[in-house]
$ cat model31.pdb   # PDB, C-alpha atoms
ATOM      1  CA  MET O  29     158.710 143.489 105.178
ATOM      2  CA  ALA O  30     161.226 145.650 107.049
ATOM      3  CA  LYS O  31     161.873 149.311 106.272
ATOM      4  CA  ILE O  32     164.246 149.643 103.300
ATOM      5  CA  SER O  33     166.646 151.806 105.360
ATOM      6  CA  THR O  34     167.268 148.823 107.705
ATOM      7  CA  TYR O  35     168.667 146.568 104.958
ATOM      8  CA  PRO O  36     172.493 146.334 104.646
ATOM      9  CA  THR O  37     174.266 148.444 102.009
ATOM     10  CA  ILE O  38     176.608 146.754  99.516
ATOM     11  CA  SER O  39     179.937 148.424  98.797
ATOM     12  CA  SER O  40     180.505 147.110  95.270
ATOM     13  CA  VAL O  41     177.562 147.483  92.863
ATOM     14  CA  SER O  42     177.533 145.348  89.691
ATOM     15  CA  THR O  43     175.366 145.494  86.577
ATOM     16  CA  SER O  44     173.740 142.184  87.574
ATOM     17  CA  ASP O  45     172.511 143.538  90.945
ATOM     18  CA  MET O  46     168.791 144.273  91.331
ATOM     19  CA  LEU O  47     166.727 147.175  92.612
ATOM     20  CA  ILE O  48     163.085 147.242  93.699
ATOM     21  CA  GLY O  49     160.713 149.537  91.856
ATOM     22  CA  THR O  50     157.272 150.086  90.398
ATOM     23  CA  ASP O  51     156.363 148.748  86.953
ATOM     24  CA  ALA O  52     154.100 151.449  85.477
ATOM     25  CA  SER O  53     153.108 149.200  82.568
ATOM     26  CA  ASP O  54     151.826 146.443  84.917
ATOM     27  CA  ASN O  55     149.279 148.218  87.133
ATOM     28  CA  SER O  56     152.083 149.705  89.310
ATOM     29  CA  ALA O  57     153.198 146.269  90.513
ATOM     30  CA  THR O  58     156.358 146.098  92.631
ATOM     31  CA  LYS O  59     159.136 144.316  90.740
ATOM     32  CA  ASN O  60     162.906 143.818  90.588
ATOM     33  CA  PHE O  61     164.972 145.769  88.058
ATOM     34  CA  ILE O  62     168.487 144.808  86.936
ATOM     35  CA  VAL O  63     170.998 147.670  87.254
ATOM     36  CA  GLY O  64     172.534 146.918  83.837
ATOM     37  CA  ASP O  65     169.137 147.182  82.140
ATOM     38  CA  LEU O  66     168.526 150.572  83.756
ATOM     39  CA  LEU O  67     171.917 151.816  82.589
ATOM     40  CA  ASN O  68     171.172 150.740  79.017
ATOM     41  CA  LEU O  69     168.057 152.924  79.046
ATOM     42  CA  SER O  70     170.104 156.076  79.619
ATOM     43  CA  ILE O  71     173.288 155.362  77.648
ATOM     44  CA  SER O  72     172.917 156.205  73.980
ATOM     45  CA  ASN O  73     176.030 156.650  71.905
ATOM     46  CA  LEU O  74     177.672 156.162  68.540
ATOM     47  CA  GLN O  75     181.215 156.348  67.229
ATOM     48  CA  ALA O  76     182.086 156.202  63.535
ATOM     49  CA  TYR O  77     184.969 157.290  61.337
ATOM     50  CA  SER O  78     186.122 157.693  57.755
ATOM     51  CA  LEU O  79     189.372 156.542  56.164
ATOM     52  CA  VAL O  80     188.766 158.091  52.738
ATOM     53  CA  THR O  81     189.574 161.491  51.283
ATOM     54  CA  GLN O  82     186.475 163.682  50.999
ATOM     55  CA  GLN O  83     186.555 166.603  48.602
ATOM     56  CA  HIS O  84     184.128 169.076  47.028
ATOM     57  CA  THR O  85     183.728 169.588  43.295
ATOM     58  CA  THR O  86     182.027 173.011  43.631
ATOM     59  CA  ILE O  87     182.875 175.811  46.054
ATOM     60  CA  ASN O  88     180.370 177.012  48.657
ATOM     61  CA  THR O  89     177.996 174.046  48.303
ATOM     62  CA  ASN O  90     176.823 171.793  51.107
ATOM     63  CA  LYS O  91     178.006 168.200  51.274
ATOM     64  CA  ASN O  92     177.491 165.502  53.901
ATOM     65  CA  ILE O  93     180.524 164.258  55.782
ATOM     66  CA  ASP O  94     180.532 160.486  55.248
ATOM     67  CA  PHE O  95     181.517 157.896  57.863
ATOM     68  CA  GLU O  96     182.038 154.399  56.500
ATOM     69  CA  PHE O  97     183.131 152.528  59.644
ATOM     70  CA  GLY O  98     181.390 152.263  63.017
ATOM     71  CA  SER O  99     183.271 151.490  66.228
ATOM     72  CA  PHE O 100     180.178 151.013  68.394
ATOM     73  CA  THR O 101     176.554 152.038  68.621
ATOM     74  CA  ASN O 102     173.923 151.936  71.344
ATOM     75  CA  GLY O 103     170.619 153.726  70.769
ATOM     76  CA  VAL O 104     172.023 155.889  67.943
ATOM     77  CA  THR O 105     172.238 154.654  64.345
ATOM     78  CA  LEU O 106     174.174 155.610  61.237
ATOM     79  CA  THR O 107     172.585 154.739  57.882
ATOM     80  CA  SER O 108     173.941 155.338  54.388
ATOM     81  CA  GLY O 109     177.200 156.446  56.011
ATOM     82  CA  ASN O 110     175.934 159.905  56.897
ATOM     83  CA  GLN O 111     172.388 159.870  58.343
ATOM     84  CA  ILE O 112     172.340 159.868  62.162
ATOM     85  CA  GLY O 113     169.189 158.378  63.694
ATOM     86  CA  PHE O 114     168.006 158.109  67.288
ATOM     87  CA  ASN O 115     166.136 155.406  69.222
ATOM     88  CA  SER O 116     165.148 157.811  72.016
ATOM     89  CA  THR O 117     164.338 161.481  72.484
ATOM     90  CA  GLY O 118     166.403 163.986  74.453
ATOM     91  CA  LYS O 119     169.497 166.134  74.086
ATOM     92  CA  PHE O 120     172.454 164.685  72.155
ATOM     93  CA  MET O 121     175.988 166.009  71.679
ATOM     94  CA  ILE O 122     177.191 165.708  68.078
ATOM     95  CA  ASP O 123     180.988 165.833  68.158
ATOM     96  CA  VAL O 124     182.981 165.760  64.911
ATOM     97  CA  ARG O 125     186.741 165.895  64.368
ATOM     98  CA  VAL O 126     188.194 166.242  60.885
ATOM     99  CA  ARG O 127     191.710 166.266  59.451
ATOM    100  CA  LEU O 128     191.677 169.064  56.900
ATOM    101  CA  GLU O 129     194.384 169.498  54.269
ATOM    102  CA  HIS O 130     194.739 172.556  52.066
ATOM    103  CA  VAL O 131     196.858 171.528  49.113
ATOM    104  CA  SER O 132     198.742 174.328  47.429
ATOM    105  CA  GLY O 133     196.699 176.796  45.434
ATOM    106  CA  GLY O 134     194.184 179.594  45.604
ATOM    107  CA  GLY O 135     195.046 181.228  48.941
ATOM    108  CA  ASP O 136     193.455 180.465  52.306
ATOM    109  CA  ALA O 137     190.307 178.344  52.509
ATOM    110  CA  GLN O 138     187.266 179.022  54.626
ATOM    111  CA  VAL O 139     185.625 175.781  55.763
ATOM    112  CA  SER O 140     182.221 175.595  57.458
ATOM    113  CA  MET O 141     180.579 172.712  59.334
ATOM    114  CA  TRP O 142     176.968 172.600  60.528
ATOM    115  CA  LEU O 143     174.086 170.240  61.259
ATOM    116  CA  LYS O 144     171.074 169.630  59.091
ATOM    117  CA  TYR O 145     167.793 167.881  59.763
ATOM    118  CA  PRO O 146     166.838 166.041  56.582
ATOM    119  CA  THR O 147     165.979 169.274  54.731
ATOM    120  CA  THR O 148     166.526 172.137  57.182
ATOM    121  CA  ASN O 149     169.739 173.617  58.569
ATOM    122  CA  VAL O 150     169.884 173.542  62.387
ATOM    123  CA  SER O 151     169.755 177.152  63.606
ATOM    124  CA  ASN O 152     173.020 178.579  64.932
ATOM    125  CA  SER O 153     174.939 175.311  64.361
ATOM    126  CA  ARG O 154     177.486 176.609  61.807
ATOM    127  CA  GLN O 155     181.128 176.911  62.801
ATOM    128  CA  VAL O 156     183.632 178.537  60.424
ATOM    129  CA  TYR O 157     187.356 177.759  60.193
ATOM    130  CA  THR O 158     190.152 179.215  58.083
ATOM    131  CA  ILE O 159     193.049 177.050  56.925
ATOM    132  CA  ALA O 160     196.154 178.555  55.363
ATOM    133  CA  ASN O 161     197.428 177.546  51.949
ATOM    134  CA  ALA O 162     199.511 174.324  51.981
ATOM    135  CA  HIS O 163     198.656 173.377  55.588
ATOM    136  CA  VAL O 164     197.122 170.422  57.422
ATOM    137  CA  GLN O 165     194.922 171.171  60.423
ATOM    138  CA  GLU O 166     192.776 169.174  62.840
ATOM    139  CA  LEU O 167     189.357 170.759  63.447
ATOM    140  CA  SER O 168     186.814 170.033  66.169
ATOM    141  CA  TYR O 169     183.098 170.685  65.892
ATOM    142  CA  GLY O 170     180.483 170.188  68.578
ATOM    143  CA  PHE O 171     176.817 171.045  68.967
ATOM    144  CA  VAL O 172     173.958 169.834  71.192
ATOM    145  CA  VAL O 173     170.640 169.043  69.482
ATOM    146  CA  ASN O 174     167.257 168.355  71.021
ATOM    147  CA  ILE O 175     165.741 165.256  69.434
ATOM    148  CA  ALA O 176     161.976 165.545  69.866
ATOM    149  CA  SER O 177     161.002 162.417  67.914
ATOM    150  CA  VAL O 178     162.687 159.077  67.221
ATOM    151  CA  SER O 179     161.956 159.738  63.540
ATOM    152  CA  ASP O 180     164.358 162.744  63.598
ATOM    153  CA  THR O 181     167.600 162.339  61.650
ATOM    154  CA  ILE O 182     170.660 164.585  61.464
ATOM    155  CA  PHE O 183     173.389 165.081  58.853
ATOM    156  CA  VAL O 184     176.788 166.713  59.410
ATOM    157  CA  GLN O 185     177.408 169.100  56.499
ATOM    158  CA  TRP O 186     180.504 170.907  55.298
ATOM    159  CA  ALA O 187     181.423 173.444  52.635
ATOM    160  CA  THR O 188     184.594 175.187  51.493
ATOM    161  CA  SER O 189     185.494 178.386  49.673
ATOM    162  CA  ASN O 190     188.470 176.678  48.000
ATOM    163  CA  LEU O 191     188.503 173.294  46.214
ATOM    164  CA  ALA O 192     192.095 172.770  47.363
ATOM    165  CA  ALA O 193     190.708 172.049  50.862
ATOM    166  CA  ARG O 194     189.773 168.438  51.564
ATOM    167  CA  LEU O 195     189.304 165.970  54.404
ATOM    168  CA  ILE O 196     192.184 163.503  54.277
ATOM    169  CA  PRO O 197     193.360 160.589  56.459
ATOM    170  CA  ALA O 198     196.944 159.940  57.505
ATOM    171  CA  LEU O 199     197.827 156.289  57.021
ATOM    172  CA  ALA O 200     199.518 154.193  59.700
ATOM    173  CA  THR O 201     203.317 154.403  59.685
ATOM    174  CA  GLY O 202     205.901 153.093  62.143
ATOM    175  CA  ILE O 203     204.562 153.468  65.675
ATOM    176  CA  TYR O 204     201.570 155.628  64.630
ATOM    177  CA  PRO O 205     198.075 154.280  63.898
ATOM    178  CA  THR O 206     195.890 155.705  61.137
ATOM    179  CA  ALA O 207     194.408 159.174  61.659
ATOM    180  CA  PRO O 208     190.913 159.146  60.098
ATOM    181  CA  SER O 209     189.783 161.959  57.821
ATOM    182  CA  ALA O 210     186.673 162.323  60.014
ATOM    183  CA  ILE O 211     185.536 160.990  63.399
ATOM    184  CA  LEU O 212     181.967 161.174  64.701
ATOM    185  CA  ASN O 213     180.945 160.776  68.351
ATOM    186  CA  VAL O 214     177.286 161.093  69.375
ATOM    187  CA  TYR O 215     176.165 160.723  72.972
ATOM    188  CA  LYS O 216     173.092 161.526  74.998
ATOM    189  CA  VAL O 217     173.531 164.377  77.463
ATOM    190  CA  GLY O 218     169.988 164.912  78.716
TER     191      GLY O 218
END
$ encode --input "model31.pdb" --output "structure tokens"
Amino acid sequence: MAKISTYPTISSVSTSDMLIGTDASDNSATKNFIVGDLLNLSISNLQAYSLVTQQHTTINTNKNIDFEFGSFTNGVTLTSGNQIGFNSTGKFMIDVRVRLEHVSGGGDAQVSMWLKYPTTNVSNSRQVYTIANAHVQELSYGFVVNIASVSDTIFVQWATSNLAARLIPALATGIYPTAPSAILNVYKVG
């Protein structure tokens, strides 16, 4: 077998191309690996969204943000519409965008979003927003979590100081598509 550096280099790599490597689970045997399979090991992501209005019935109480539709998932799961699960360990970015409406009444509203393991708030994950009376505002929330076990699950929580604040979609009209009340993107970053 010639030195690897003497083999020609291809200019256009495809996911069906193969690489040579060591299979640690088979007594360190030399084997071929498909590029697409290697990529699937490292790409974990999820996208989901909600098209319903979400509202609190009590001020300053935690509530899960629900997502009833998934666009795609690979290595990250969404169960019961709000429980994010992981098929691998590592660092994951949890990115949430909400469309918040403050219907008239009661002055400004303070809205908080944060992450919660099944029963424990994630330290330092809370972000606080203020929305003026009778306004609609798009909010973005992002936080990186370290998933140490594939049994770990995360919830996105929210609370408001004013019941006139709610997450609300904008329905499709004319040239515009629907704007969901909430969008969730999860992707592995390390």
$ residues_around --input "model31.pdb" --residues "range 214-216 of chain O" --least-positions-apart "4" --cutoff "12 Å" --atoms "all atoms listed in the file" --output "PyMOL selection string"
chain O and resi 68-77+98-106+112-125+169-175+182-184
$ closest_residue --input "model31.pdb" --among "O:Ser78, O:Ser209, O:Asp45, O:Ala137" --to "Ile62 in chain O" --atoms "only C-alpha atoms"
O:Asp45
$ atom_distance --input "model31.pdb" --atom1 "CA of Ala30 in chain O" --atom2 "CA of Phe61 in chain O"
19.4 Å
$ residues_near_point --input "model31.pdb" --point "(196.8, 179.6, 54.5)" --cutoff "7 Å" --atoms "only C-alpha atoms" --output "NGL selection string"
:O and (135-137 or 159-163)
$ closest_residue --input "model31.pdb" --among "O:Asn152, O:Gln165, O:Ser132, O:Thr89" --to "Leu195 in chain O" --atoms "only C-alpha atoms"
O:Gln165
$ resolve_selection --input "model31.pdb" --expression "the PyMOL selection byres ((chain O and resi 39-44) around 7)" --output "list of chain:residue names"
O:Thr37, O:Ile38, O:Asp45, O:Met46, O:Ile62, O:Val63, O:Gly64
$ residues_near_point --input "model31.pdb" --point "(188.1, 171.1, 52.9)" --cutoff "8 Å" --atoms "only C-alpha atoms" --output "list in words"
Gln82, Gln83, His84, Leu128, Glu129, His130, Ala137, Val139, Trp186, Ala187, Thr188, Asn190, Leu191, Ala192, Ala193, Arg194 and Leu195 of chain O
$ atom_distance --input "model31.pdb" --atom1 "CA of Leu167 in chain O" --atom2 "CA of Val131 in chain O"
16.2 Å
$ atom_distance --input "model31.pdb" --atom1 "CA of Tyr157 in chain O" --atom2 "CA of Asn88 in chain O"
13.5 Å
$ closest_residue --input "model31.pdb" --among "O:Ala210, O:Leu47, O:Ala176, O:Leu199" --to "Arg127 in chain O" --atoms "all atoms listed in the file"
O:Ala210
$ residues_around --input "model31.pdb" --residues "Gly49 in chain O" --least-positions-apart "4" --cutoff "7 Å" --atoms "all atoms listed in the file" --output "PDB file with C-alpha atoms, in the coordinates of the input"
ATOM      1  CA  THR O  58     156.358 146.098  92.631  1.00  0.00           C
ATOM      2  CA  LYS O  59     159.136 144.316  90.740  1.00  0.00           C
ATOM      3  CA  ASN O  60     162.906 143.818  90.588  1.00  0.00           C
ATOM      4  CA  PHE O  61     164.972 145.769  88.058  1.00  0.00           C
TER       5      PHE O  61
END
$ closest_residue --input "model31.pdb" --among "O:Ser168, O:Thr148, O:Ser189, O:Asn213" --to "Thr85 in chain O" --atoms "all atoms listed in the file"
O:Ser189
$ closest_residue --input "model31.pdb" --among "O:Asn90, O:Thr34, O:Gln138, O:Gln111" --to "Asp180 in chain O" --atoms "all atoms listed in the file"
O:Gln111
$ resolve_selection --input "model31.pdb" --expression "the PyMOL selection byres ((chain O and resi 154) around 6)" --output "PDB file with C-alpha atoms, keeping the file's coordinate frame"
ATOM      1  CA  MET O 141     180.579 172.712  59.334  1.00  0.00           C
ATOM      2  CA  TRP O 142     176.968 172.600  60.528  1.00  0.00           C
ATOM      3  CA  ASN O 152     173.020 178.579  64.932  1.00  0.00           C
ATOM      4  CA  SER O 153     174.939 175.311  64.361  1.00  0.00           C
ATOM      5  CA  GLN O 155     181.128 176.911  62.801  1.00  0.00           C
TER       6      GLN O 155
END
